[in-house]
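These notes concern the structure reproduced below.
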Amino acid sequence: MKSTIKKTFIIANIILLFIVVFSYQLHGFQKFETIMLDMNMKQSASHDPDPHIVVVAIDNESIEALGQFPWDRAVYASFLEMVNQEGYEPDAIAFDLTFSDASNEESDLMFAEALSSYNNVILPVVGVTSGDVFQTSVVREDQYLQTNQVFYPYDLLAQHARFAHINRVVSHDGVIRQAWLNVQAPDGTVIPSLAYKAVEMTGADLSFYDEFTDRKKTSDPIAKNTMTIDYELVTDDFLTVPFVNVLYGDIPPETFQNAIVFVGATATGVSGDSGQDSGPTPLERDTKLVYVHANIANQLLQGSYIQYAPNVVELSIIIIAYVLFMLLPWRLKNLYTFSIVILSIVVIYFAQQYSYQHVNYHISVVYVLVGMLLAYVFNVSLKSYMEQSQKNFVTRQFGRYISPDLVKDIVKQGMDIQIGGISKRITILFLDIRGFTSLSEKLTPAEVVDVLNTKFTMITKTALENNGTIDKFIGDAAMILFNAPLDVVEHEKMAVLTAYQIQQNMKPIHDQLLKKYGVEVNIGIGIHTGNVVIGNIGSYLRMDYTAIGDSVNIASRIESGTAAGQIMVSEDVYRATSDHFEYGDAEEKIFKGKSQAIAIYELLRKK
């Protein structure tokens, strides 16, 4: 990878990783986080309620029997007398109905008398958590949710009952996912939630929850004693009986023995005094809040809670996943990496689901998946861009003068072609068309070009078939390289074979030109093997891939001393190819610029 590309690769990936981590810290994908949590809850819900939880529903049947709601409070007095008689005796009766104002004086007195007769009744209070001016409240993890005002039941009733708040916690998307187990009144009084108080009255040990606070990563504020509701049940899972049937004694007494009885409105269009008796939960689009209280009580009785992976754990997973999928595209082919990405997504999803279902441990994998996909898409795109750029560059540099197979090899190996050169042992073939000057005098310019193109097409095709590189055409001469830019096995042999095939292919052309123009045209070829400097040589304005050095000069000198139709090779070439070709006796020649004679051999035929 070139240095500039490396810098881009490093800087861009650091920026992208920073974006993912920053999004994690700011909960940029909180919507998807909560969707994942909700899916886990749905898939792991047991639908097996605690048998001690009973919901007494103010349903359509009860309203039809007892009249328009709200009812006279004397009805509730009769209800308490019924469920507290011998044989019934529930541990707690929790009303999810507010009684904040006075009603019929006689009925209020009857209800208050009933409340004073039984110590297992809980009446709800509603805490105001927003300020008078800015309608906001300050939430801190080290203190209970602070209320600015608390609406208690009507004084006459409040003297004879226990209190619990029914404030609901609504997430950013309107879904009820959490509960405040305790809130604090302006006078410092700590008020438990309806479900918490009801379970406490059963004698259950709730000491674990006294200081419990979710460590859920969310943009929603978290107060002390905030708990994520581990929804295990939907409405139909709970034992629900109509209020009127309880009132008339139609329900077996054992149903209420040592039970937690929640009394709440479920009828269509009935919302009690609070006006907020339904809302969406992870398991249902619209749930009456009495069943939310029942779910919380079920969770408290089981002693369960949802654990959230610490920030440091999730951040570590995010970074590791990003780095792995950043490097993956550079190590394997795209087809393999794509398969690995798909498999990884499936494994990560089911792994976090397994963790939640078996140990209630939730890992937010949304940012892991985002980082993983972002790293993969960016780096596979960068890799594809680099490969295409390299392919285009190599094609521009070599496409016209080396074989297509060699071009593919260069792209595949990712060779970094430099302006400077490298030292390498190669075989150089020079050829020159003899008799062309005489022929050109008899031809028009167009015919001269046509004849040259015909010959050079044959020469080029023959050279490329043998993995040669067409270095250049110089008038009626050509220079062909073997073992550059890529290694060619037995490059000396391939050069001699090319020369031999060119001479064979030249015979029909020779006969055709002799017959047509009366001029003999042949080719002289010289071949030498040696060390050269080879590479893209030139300036940024003009550059050629070529070889320079003494070995190039020797090959050129050998070619200049050949006769028409003759192939001459140096002693180095002869030694490397004598097992494959038959040569004449050596000739000692002194070439221009050389002080010592060089042995050359004439190629006669293939063995």
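Residues in the structure tokens are named by chain (A, B, ... in the order shown) and by number from 1 within that chain; ligands are numbered from 1 in the order shown.
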**OP:** Return as a ChimeraX atom specification the full set of residues in region 430-516 of chain A whose backbone-based DSSP assignment is strand (DSSP E or B).
**Re:** /A:430-434,468-474,477-482
The selected residues should be written to file as a CSV table (one decimal), in the first residue's frame (atoms: all heavy atoms).
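Here's the written file again_34.csv:
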```
chain,number,residue,atom,x,y,z
A,430,PHE,N,16.6,-7.8,-29.8
A,430,PHE,CA,16.5,-6.8,-30.8
A,430,PHE,C,16.2,-7.4,-32.1
A,430,PHE,O,16.8,-8.4,-32.5
A,430,PHE,CB,17.8,-5.9,-30.8
A,430,PHE,CG,17.9,-4.8,-29.8
A,430,PHE,CD1,18.4,-5.0,-28.6
A,430,PHE,CD2,17.3,-3.6,-30.2
A,430,PHE,CE1,18.5,-4.0,-27.7
A,430,PHE,CE2,17.4,-2.5,-29.3
A,430,PHE,CZ,18.0,-2.7,-28.0
A,431,LEU,N,15.4,-6.7,-32.9
A,431,LEU,CA,15.2,-7.2,-34.3
A,431,LEU,C,15.1,-6.0,-35.2
A,431,LEU,O,14.7,-4.9,-34.8
A,431,LEU,CB,13.9,-8.1,-34.4
A,431,LEU,CG,12.6,-7.4,-34.1
A,431,LEU,CD1,12.0,-6.7,-35.3
A,431,LEU,CD2,11.6,-8.5,-33.7
A,432,ASP,N,15.5,-6.2,-36.5
A,432,ASP,CA,15.5,-5.2,-37.5
A,432,ASP,C,15.0,-5.7,-38.8
A,432,ASP,O,15.4,-6.9,-39.1
A,432,ASP,CB,16.9,-4.5,-37.6
A,432,ASP,CG,16.9,-3.4,-38.6
A,432,ASP,OD1,16.1,-2.5,-38.4
A,432,ASP,OD2,17.6,-3.4,-39.5
A,433,ILE,N,14.1,-5.0,-39.5
A,433,ILE,CA,13.6,-5.5,-40.8
A,433,ILE,C,14.7,-5.1,-41.9
A,433,ILE,O,14.9,-3.9,-42.1
A,433,ILE,CB,12.3,-4.9,-41.1
A,433,ILE,CG1,11.3,-5.2,-40.0
A,433,ILE,CG2,11.8,-5.3,-42.5
A,433,ILE,CD1,9.9,-4.5,-40.1
A,434,ARG,N,15.2,-6.1,-42.5
A,434,ARG,CA,16.2,-5.9,-43.6
A,434,ARG,C,15.5,-5.8,-45.0
A,434,ARG,O,14.6,-6.6,-45.3
A,434,ARG,CB,17.2,-7.0,-43.6
A,434,ARG,CG,17.9,-7.3,-42.3
A,434,ARG,CD,18.6,-6.0,-41.8
A,434,ARG,NE,19.0,-6.1,-40.4
A,434,ARG,CZ,20.0,-6.8,-39.9
A,434,ARG,NH1,20.8,-7.5,-40.7
A,434,ARG,NH2,20.3,-6.8,-38.6
A,468,GLY,N,6.7,-12.1,-23.5
A,468,GLY,CA,7.6,-11.0,-23.7
A,468,GLY,C,7.0,-9.7,-23.5
A,468,GLY,O,5.7,-9.6,-23.5
A,469,THR,N,7.8,-8.7,-23.3
A,469,THR,CA,7.3,-7.3,-23.1
A,469,THR,C,7.8,-6.5,-24.3
A,469,THR,O,9.0,-6.4,-24.5
A,469,THR,CB,7.8,-6.7,-21.8
A,469,THR,OG1,7.4,-7.5,-20.7
A,469,THR,CG2,7.4,-5.3,-21.6
A,470,ILE,N,6.9,-5.9,-25.0
A,470,ILE,CA,7.3,-5.0,-26.1
A,470,ILE,C,7.8,-3.7,-25.6
A,470,ILE,O,7.0,-2.9,-25.1
A,470,ILE,CB,6.1,-4.8,-27.1
A,470,ILE,CG1,5.5,-6.1,-27.5
A,470,ILE,CG2,6.6,-4.0,-28.3
A,470,ILE,CD1,6.4,-7.0,-28.3
A,471,ASP,N,9.1,-3.5,-25.6
A,471,ASP,CA,9.6,-2.3,-25.0
A,471,ASP,C,9.4,-1.1,-25.9
A,471,ASP,O,8.9,-0.1,-25.4
A,471,ASP,CB,11.1,-2.5,-24.7
A,471,ASP,CG,11.7,-1.3,-24.0
A,471,ASP,OD1,11.6,-1.3,-22.8
A,471,ASP,OD2,12.1,-0.3,-24.7
A,472,LYS,N,9.7,-1.2,-27.2
A,472,LYS,CA,9.5,-0.1,-28.1
A,472,LYS,C,9.7,-0.6,-29.5
A,472,LYS,O,10.3,-1.6,-29.8
A,472,LYS,CB,10.5,1.0,-27.8
A,472,LYS,CG,11.9,0.6,-27.9
A,472,LYS,CD,12.9,1.8,-27.7
A,472,LYS,CE,12.8,2.4,-26.3
A,472,LYS,NZ,13.4,1.5,-25.3
A,473,PHE,N,9.1,0.2,-30.4
A,473,PHE,CA,9.3,0.1,-31.9
A,473,PHE,C,10.1,1.3,-32.3
A,473,PHE,O,9.7,2.4,-31.9
A,473,PHE,CB,8.0,0.0,-32.6
A,473,PHE,CG,7.3,-1.3,-32.4
A,473,PHE,CD1,6.0,-1.3,-31.7
A,473,PHE,CD2,7.7,-2.5,-32.8
A,473,PHE,CE1,5.3,-2.5,-31.5
A,473,PHE,CE2,7.0,-3.7,-32.6
A,473,PHE,CZ,5.8,-3.7,-31.9
A,474,ILE,N,11.2,1.1,-33.0
A,474,ILE,CA,12.0,2.2,-33.4
A,474,ILE,C,12.1,2.1,-35.0
A,474,ILE,O,12.9,1.3,-35.5
A,474,ILE,CB,13.4,2.1,-32.8
A,474,ILE,CG1,13.3,1.9,-31.3
A,474,ILE,CG2,14.2,3.4,-33.1
A,474,ILE,CD1,14.6,1.5,-30.7
A,477,ALA,N,12.6,-1.3,-36.5
A,477,ALA,CA,13.2,-2.1,-35.5
A,477,ALA,C,12.4,-2.2,-34.3
A,477,ALA,O,11.4,-1.4,-34.1
A,477,ALA,CB,14.6,-1.6,-35.2
A,478,ALA,N,12.7,-3.2,-33.4
A,478,ALA,CA,11.9,-3.4,-32.2
A,478,ALA,C,12.8,-4.0,-31.1
A,478,ALA,O,13.8,-4.6,-31.4
A,478,ALA,CB,10.7,-4.4,-32.4
A,479,MET,N,12.4,-3.6,-29.9
A,479,MET,CA,13.2,-4.1,-28.7
A,479,MET,C,12.1,-4.9,-27.8
A,479,MET,O,11.1,-4.3,-27.4
A,479,MET,CB,13.8,-2.9,-27.9
A,479,MET,CG,14.5,-3.3,-26.6
A,479,MET,SD,15.2,-1.8,-25.8
A,479,MET,CE,15.7,-2.4,-24.3
A,480,ILE,N,12.4,-6.1,-27.5
A,480,ILE,CA,11.5,-6.9,-26.7
A,480,ILE,C,12.3,-7.5,-25.5
A,480,ILE,O,13.4,-7.9,-25.6
A,480,ILE,CB,11.0,-8.1,-27.5
A,480,ILE,CG1,10.3,-7.6,-28.8
A,480,ILE,CG2,10.0,-9.0,-26.7
A,480,ILE,CD1,9.9,-8.7,-29.8
A,481,LEU,N,11.6,-7.4,-24.3
A,481,LEU,CA,12.2,-7.8,-23.0
A,481,LEU,C,11.6,-9.1,-22.5
A,481,LEU,O,10.3,-9.3,-22.6
A,481,LEU,CB,12.1,-6.7,-22.0
A,481,LEU,CG,12.5,-5.3,-22.4
A,481,LEU,CD1,12.3,-4.3,-21.3
A,481,LEU,CD2,14.0,-5.3,-22.8
A,482,PHE,N,12.4,-9.9,-21.8
A,482,PHE,CA,11.8,-11.1,-21.2
A,482,PHE,C,12.3,-11.1,-19.7
A,482,PHE,O,13.5,-10.8,-19.5
A,482,PHE,CB,12.3,-12.4,-21.9
A,482,PHE,CG,11.7,-12.5,-23.3
A,482,PHE,CD1,12.3,-11.9,-24.4
A,482,PHE,CD2,10.6,-13.2,-23.5
A,482,PHE,CE1,11.8,-12.0,-25.7
A,482,PHE,CE2,10.0,-13.3,-24.8
A,482,PHE,CZ,10.6,-12.7,-25.9
```
**OP:** Please return as a PyMOL selection string: the residues of region 452-534 of chain A that backbone DSSP assigns to alpha helix (DSSP H).
**Re:** chain A and resi 452-465+491-517
Original post:
Counting only C-alpha atoms, what is within 8 Å of Ala45 (chain A), bar same-chain residues fewer than 6 positions away, as a VMD selection string?
Top reply: chain A and resid 231 to 233
Can I get the residues of region 266-340 of chain A within 10 Å of region 173-190 of chain A, each with the closest pair of atoms and their distance in Å to one decimal, using only C-alpha atoms, sorted chain first then ascending number, as a tab-separated table?
```
residue	atom	partner	partner_atom	distance
A:Ser278	CA	A:Ile176	CA	9.8
A:Gly279	CA	A:Ile176	CA	6.9
A:Pro280	CA	A:Val175	CA	5.1
A:Thr281	CA	A:Ile176	CA	5.1
A:Pro282	CA	A:Val175	CA	7.0
A:Glu284	CA	A:Val175	CA	9.7
A:Arg285	CA	A:Val175	CA	8.7
A:Asp286	CA	A:Val175	CA	9.5
A:Thr287	CA	A:Ile176	CA	9.5
A:Leu289	CA	A:Ile176	CA	9.5
A:Val292	CA	A:Ile176	CA	8.4
A:His293	CA	A:Ala179	CA	9.2
A:Ile296	CA	A:Ala179	CA	8.0
```
Take the residues just selected and output them with all heavy atoms as a CSV table (one decimal), in the first residue's frame.
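Final output, saved to part_39.csv:
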```csv
chain,number,residue,atom,x,y,z
A,278,SER,N,-53.2,3.5,30.7
A,278,SER,CA,-52.7,2.6,29.7
A,278,SER,C,-51.5,3.2,29.0
A,278,SER,O,-51.3,4.4,29.0
A,278,SER,CB,-53.8,2.2,28.7
A,278,SER,OG,-54.2,3.4,27.9
A,279,GLY,N,-50.7,2.3,28.3
A,279,GLY,CA,-49.6,2.8,27.6
A,279,GLY,C,-48.9,1.6,27.0
A,279,GLY,O,-49.1,0.4,27.3
A,280,PRO,N,-48.0,1.8,26.0
A,280,PRO,CA,-47.2,0.8,25.4
A,280,PRO,C,-46.1,0.2,26.2
A,280,PRO,O,-45.5,0.9,27.0
A,280,PRO,CB,-46.7,1.4,24.1
A,280,PRO,CG,-46.5,2.9,24.5
A,280,PRO,CD,-47.6,3.2,25.5
A,281,THR,N,-45.9,-1.1,26.1
A,281,THR,CA,-44.8,-1.8,26.8
A,281,THR,C,-44.1,-2.6,25.8
A,281,THR,O,-44.5,-2.7,24.6
A,281,THR,CB,-45.3,-2.7,27.9
A,281,THR,OG1,-46.1,-3.8,27.3
A,281,THR,CG2,-46.2,-2.0,28.9
A,282,PRO,N,-42.9,-3.1,26.1
A,282,PRO,CA,-42.1,-3.9,25.1
A,282,PRO,C,-42.9,-5.1,24.6
A,282,PRO,O,-42.6,-5.6,23.5
A,282,PRO,CB,-40.9,-4.4,25.9
A,282,PRO,CG,-40.7,-3.3,26.9
A,282,PRO,CD,-42.1,-2.9,27.3
A,284,GLU,N,-46.5,-5.4,24.6
A,284,GLU,CA,-47.8,-5.1,24.1
A,284,GLU,C,-47.9,-3.6,23.6
A,284,GLU,O,-47.3,-2.7,24.3
A,284,GLU,CB,-48.9,-5.3,25.1
A,284,GLU,CG,-49.0,-6.8,25.5
A,284,GLU,CD,-50.1,-7.0,26.6
A,284,GLU,OE1,-49.8,-6.6,27.7
A,284,GLU,OE2,-51.2,-7.5,26.2
A,285,ARG,N,-48.7,-3.3,22.6
A,285,ARG,CA,-48.8,-2.0,22.1
A,285,ARG,C,-49.6,-1.1,23.1
A,285,ARG,O,-49.4,0.1,23.2
A,285,ARG,CB,-49.5,-2.0,20.8
A,285,ARG,CG,-48.6,-2.5,19.6
A,285,ARG,CD,-49.3,-2.3,18.3
A,285,ARG,NE,-48.5,-2.8,17.2
A,285,ARG,CZ,-48.8,-2.8,15.9
A,285,ARG,NH1,-50.0,-2.3,15.6
A,285,ARG,NH2,-48.0,-3.2,15.0
A,286,ASP,N,-50.6,-1.7,23.8
A,286,ASP,CA,-51.4,-0.9,24.7
A,286,ASP,C,-51.7,-1.8,25.9
A,286,ASP,O,-52.4,-2.8,25.8
A,286,ASP,CB,-52.7,-0.4,24.1
A,286,ASP,CG,-53.4,0.5,24.9
A,286,ASP,OD1,-52.8,1.5,25.5
A,286,ASP,OD2,-54.7,0.4,25.1
A,287,THR,N,-51.2,-1.5,27.1
A,287,THR,CA,-51.3,-2.2,28.3
A,287,THR,C,-51.9,-1.4,29.4
A,287,THR,O,-51.5,-0.3,29.6
A,287,THR,CB,-50.0,-2.8,28.8
A,287,THR,OG1,-49.3,-3.5,27.8
A,287,THR,CG2,-50.1,-3.6,30.0
A,289,LEU,N,-52.3,0.0,32.9
A,289,LEU,CA,-51.2,0.1,33.9
A,289,LEU,C,-51.3,-0.8,35.1
A,289,LEU,O,-50.3,-1.1,35.7
A,289,LEU,CB,-51.2,1.6,34.3
A,289,LEU,CG,-50.8,2.6,33.2
A,289,LEU,CD1,-50.4,4.0,33.9
A,289,LEU,CD2,-49.7,2.1,32.4
A,292,VAL,N,-49.0,-3.4,34.4
A,292,VAL,CA,-47.6,-3.0,34.5
A,292,VAL,C,-47.2,-3.2,36.0
A,292,VAL,O,-46.2,-3.7,36.3
A,292,VAL,CB,-47.4,-1.5,34.1
A,292,VAL,CG1,-46.0,-1.1,34.4
A,292,VAL,CG2,-47.7,-1.4,32.6
A,293,HIS,N,-48.1,-2.7,36.9
A,293,HIS,CA,-47.8,-2.9,38.3
A,293,HIS,C,-47.7,-4.4,38.6
A,293,HIS,O,-46.9,-4.8,39.4
A,293,HIS,CB,-49.0,-2.3,39.2
A,293,HIS,CG,-49.1,-0.8,39.0
A,293,HIS,ND1,-48.1,0.0,39.2
A,293,HIS,CD2,-50.2,-0.1,38.7
A,293,HIS,CE1,-48.5,1.3,39.0
A,293,HIS,NE2,-49.8,1.2,38.7
A,296,ILE,N,-44.3,-5.7,37.5
A,296,ILE,CA,-43.3,-5.3,38.5
A,296,ILE,C,-43.3,-6.2,39.7
A,296,ILE,O,-42.3,-6.7,40.2
A,296,ILE,CB,-43.4,-3.8,38.9
A,296,ILE,CG1,-43.3,-3.0,37.6
A,296,ILE,CG2,-42.4,-3.4,39.9
A,296,ILE,CD1,-43.7,-1.5,37.8
```
